[in-house]
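Below is one structure; the comments refer to it alone.
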Amino acid sequence: MAAETKTNPMRELKLEKLCLNISVGESGDRLTRASKVLEQLTGQVPVMSKARYTVRTFGIRRNEKIAVHCTVRGPKAEEILDRGLKVKEYELKRSNFSTTGNFGFGIQEHIDLGIKYDPSIGIYGMDFYVVMGRPGFRVARRKQQSAKVGFPHRNTKEETINWFKKRQDCVFKYFKYLNFLILKYQIKLYLIENFYLYMLAFKENNFSQVCVLIKKLEHKR
């Protein structure tokens, strides 16, 4: 019974969606250019956000469009999140994680994500917010016969931190071994055999398969 509890598929955490936000603080050309940045990054049409109330100190009027945001799901969200965490050097503070099991962080320059600098657009920072989920959360969102998610099944801060540590440990180990192979055998990254198998195993969180492929490559060389 203990083994079944550990491998319960209903308890597995997964990345449900990634929310990207650029807050400009004013409407006009700067907001339009910010929306182009999100469109280049995600391939989706971003949505404008309006101010909820007037703030005379900042020159913001109620219902004025002051920010753009975009929601990404699936493999595209994983890819963009990896690029964002690479900018942060895969390190987050404990305060980045919420009590509901989600986490977020920000970057100062969007060109760090691999987007080519365009003088006509400029440089923008953006916020990343990751919403975590589990199988079965749909019961709280469905229209018919909706119900609350029980406390034992809800995400907690500690569970998300452990998920992040496990995921990023693999990232560190993965790139550590690749750098070791590149330096040891003096070969370029695109010449490494089974490189796509490494990436496939990494994306599927199959850590044992990554280690096996690394050992096979070491024996071949």
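Residue names in the structure tokens use chain letters A, B, ... in the order shown, residue numbers from 1 in each chain, and ligand numbers from 1 in the order shown.
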Could you tell me, as a PyMOL selection string, which residues of range 40-119 of chain A DSSP assigns to strand (DSSP E or B) when given the backbone?
-> chain A and resi 47-50+55+60+65-72+97+103-107
Same residues, N, CA and C atoms, output as a PDB file, in the first residue's frame:
ATOM      1  N   VAL A  47      -3.737  40.197 -24.103  1.00  0.00           N
ATOM      2  CA  VAL A  47      -4.952  40.903 -23.687  1.00  0.00           C
ATOM      3  C   VAL A  47      -4.556  42.140 -22.885  1.00  0.00           C
ATOM      4  N   MET A  48      -5.254  43.239 -23.114  1.00  0.00           N
ATOM      5  CA  MET A  48      -5.005  44.484 -22.382  1.00  0.00           C
ATOM      6  C   MET A  48      -5.674  44.435 -21.009  1.00  0.00           C
ATOM      7  N   SER A  49      -4.983  44.972 -20.010  1.00  0.00           N
ATOM      8  CA  SER A  49      -5.530  45.074 -18.654  1.00  0.00           C
ATOM      9  C   SER A  49      -5.839  46.531 -18.340  1.00  0.00           C
ATOM     10  N   LYS A  50      -6.969  46.760 -17.676  1.00  0.00           N
ATOM     11  CA  LYS A  50      -7.407  48.121 -17.356  1.00  0.00           C
ATOM     12  C   LYS A  50      -7.186  48.425 -15.875  1.00  0.00           C
ATOM     13  N   VAL A  55      -5.471  56.815  -9.931  1.00  0.00           N
ATOM     14  CA  VAL A  55      -4.343  57.174  -9.056  1.00  0.00           C
ATOM     15  C   VAL A  55      -3.702  58.427  -9.653  1.00  0.00           C
ATOM     16  N   ILE A  60      -2.788  57.795 -13.520  1.00  0.00           N
ATOM     17  CA  ILE A  60      -3.585  56.669 -14.019  1.00  0.00           C
ATOM     18  C   ILE A  60      -5.061  56.952 -13.816  1.00  0.00           C
ATOM     19  N   LYS A  65      -6.243  51.509 -20.127  1.00  0.00           N
ATOM     20  CA  LYS A  65      -5.414  50.340 -20.404  1.00  0.00           C
ATOM     21  C   LYS A  65      -3.965  50.642 -20.023  1.00  0.00           C
ATOM     22  N   ILE A  66      -3.437  49.861 -19.072  1.00  0.00           N
ATOM     23  CA  ILE A  66      -2.093  50.156 -18.553  1.00  0.00           C
ATOM     24  C   ILE A  66      -1.151  48.949 -18.604  1.00  0.00           C
ATOM     25  N   ALA A  67      -1.634  47.778 -18.978  1.00  0.00           N
ATOM     26  CA  ALA A  67      -0.789  46.582 -18.979  1.00  0.00           C
ATOM     27  C   ALA A  67      -1.301  45.583 -20.004  1.00  0.00           C
ATOM     28  N   VAL A  68      -0.436  44.613 -20.327  1.00  0.00           N
ATOM     29  CA  VAL A  68      -0.817  43.519 -21.212  1.00  0.00           C
ATOM     30  C   VAL A  68      -0.415  42.204 -20.542  1.00  0.00           C
ATOM     31  N   HIS A  69      -1.223  41.190 -20.749  1.00  0.00           N
ATOM     32  CA  HIS A  69      -0.906  39.886 -20.174  1.00  0.00           C
ATOM     33  C   HIS A  69      -1.297  38.781 -21.148  1.00  0.00           C
ATOM     34  N   CYS A  70      -0.722  37.609 -20.920  1.00  0.00           N
ATOM     35  CA  CYS A  70      -0.962  36.470 -21.797  1.00  0.00           C
ATOM     36  C   CYS A  70      -0.875  35.194 -20.972  1.00  0.00           C
ATOM     37  N   THR A  71      -1.718  34.220 -21.252  1.00  0.00           N
ATOM     38  CA  THR A  71      -1.724  32.937 -20.554  1.00  0.00           C
ATOM     39  C   THR A  71      -1.305  31.843 -21.523  1.00  0.00           C
ATOM     40  N   VAL A  72      -0.313  31.065 -21.110  1.00  0.00           N
ATOM     41  CA  VAL A  72       0.246  30.018 -21.962  1.00  0.00           C
ATOM     42  C   VAL A  72       0.103  28.677 -21.239  1.00  0.00           C
ATOM     43  N   PHE A  97       7.186  31.732  -3.492  1.00  0.00           N
ATOM     44  CA  PHE A  97       6.148  30.702  -3.492  1.00  0.00           C
ATOM     45  C   PHE A  97       5.000  31.130  -2.581  1.00  0.00           C
ATOM     46  N   PHE A 103       3.862  29.875  -7.758  1.00  0.00           N
ATOM     47  CA  PHE A 103       5.051  30.710  -7.576  1.00  0.00           C
ATOM     48  C   PHE A 103       5.213  31.664  -8.747  1.00  0.00           C
ATOM     49  N   GLY A 104       5.970  32.721  -8.506  1.00  0.00           N
ATOM     50  CA  GLY A 104       6.186  33.726  -9.537  1.00  0.00           C
ATOM     51  C   GLY A 104       7.513  34.429  -9.345  1.00  0.00           C
ATOM     52  N   PHE A 105       7.953  35.097 -10.401  1.00  0.00           N
ATOM     53  CA  PHE A 105       9.192  35.863 -10.365  1.00  0.00           C
ATOM     54  C   PHE A 105       9.163  36.863 -11.508  1.00  0.00           C
ATOM     55  N   GLY A 106      10.133  37.736 -11.553  1.00  0.00           N
ATOM     56  CA  GLY A 106      10.181  38.757 -12.598  1.00  0.00           C
ATOM     57  C   GLY A 106      11.559  38.863 -13.202  1.00  0.00           C
ATOM     58  N   ILE A 107      11.620  39.350 -14.429  1.00  0.00           N
ATOM     59  CA  ILE A 107      12.893  39.632 -15.087  1.00  0.00           C
ATOM     60  C   ILE A 107      12.883  41.094 -15.522  1.00  0.00           C
TER      61      ILE A 107
END
Arg33 in chain A: which residues within 9 Å, counting only C-alpha atoms, same-chain residues fewer than 6 positions away excluded, as a ChimeraX atom specification?
-> /A:120-122
Near Gly133 in chain A, within 8 Å and counting only C-alpha atoms, which residues show up once chain neighbours fewer than 3 positions away are dropped, as a PyMOL selection string?
-> chain A and resi 13-16+137+155
For the residues in that selection, give me N, CA and C atoms as a JSON list (two decimals), in the first residue's frame.
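Final output, selection-v3.json:
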[["chain", "number", "residue", "atom", "x", "y", "z"],
["A", 13, "LEU", "N", 2.06, 16.63, -9.19],
["A", 13, "LEU", "CA", 1.95, 18.05, -9.51],
["A", 13, "LEU", "C", 2.32, 18.28, -10.97],
["A", 14, "LYS", "N", 1.64, 19.22, -11.58],
["A", 14, "LYS", "CA", 1.94, 19.56, -12.97],
["A", 14, "LYS", "C", 1.76, 21.07, -13.16],
["A", 15, "LEU", "N", 2.43, 21.59, -14.17],
["A", 15, "LEU", "CA", 2.31, 22.99, -14.52],
["A", 15, "LEU", "C", 1.00, 23.18, -15.29],
["A", 16, "GLU", "N", 0.07, 23.89, -14.67],
["A", 16, "GLU", "CA", -1.24, 24.04, -15.28],
["A", 16, "GLU", "C", -1.25, 25.18, -16.30],
["A", 137, "PHE", "N", -8.65, 18.75, -10.22],
["A", 137, "PHE", "CA", -8.99, 20.13, -9.89],
["A", 137, "PHE", "C", -10.17, 20.66, -10.71],
["A", 155, "ASN", "N", -2.84, 22.00, -3.29],
["A", 155, "ASN", "CA", -1.40, 22.24, -3.34],
["A", 155, "ASN", "C", -0.95, 23.01, -2.11]]
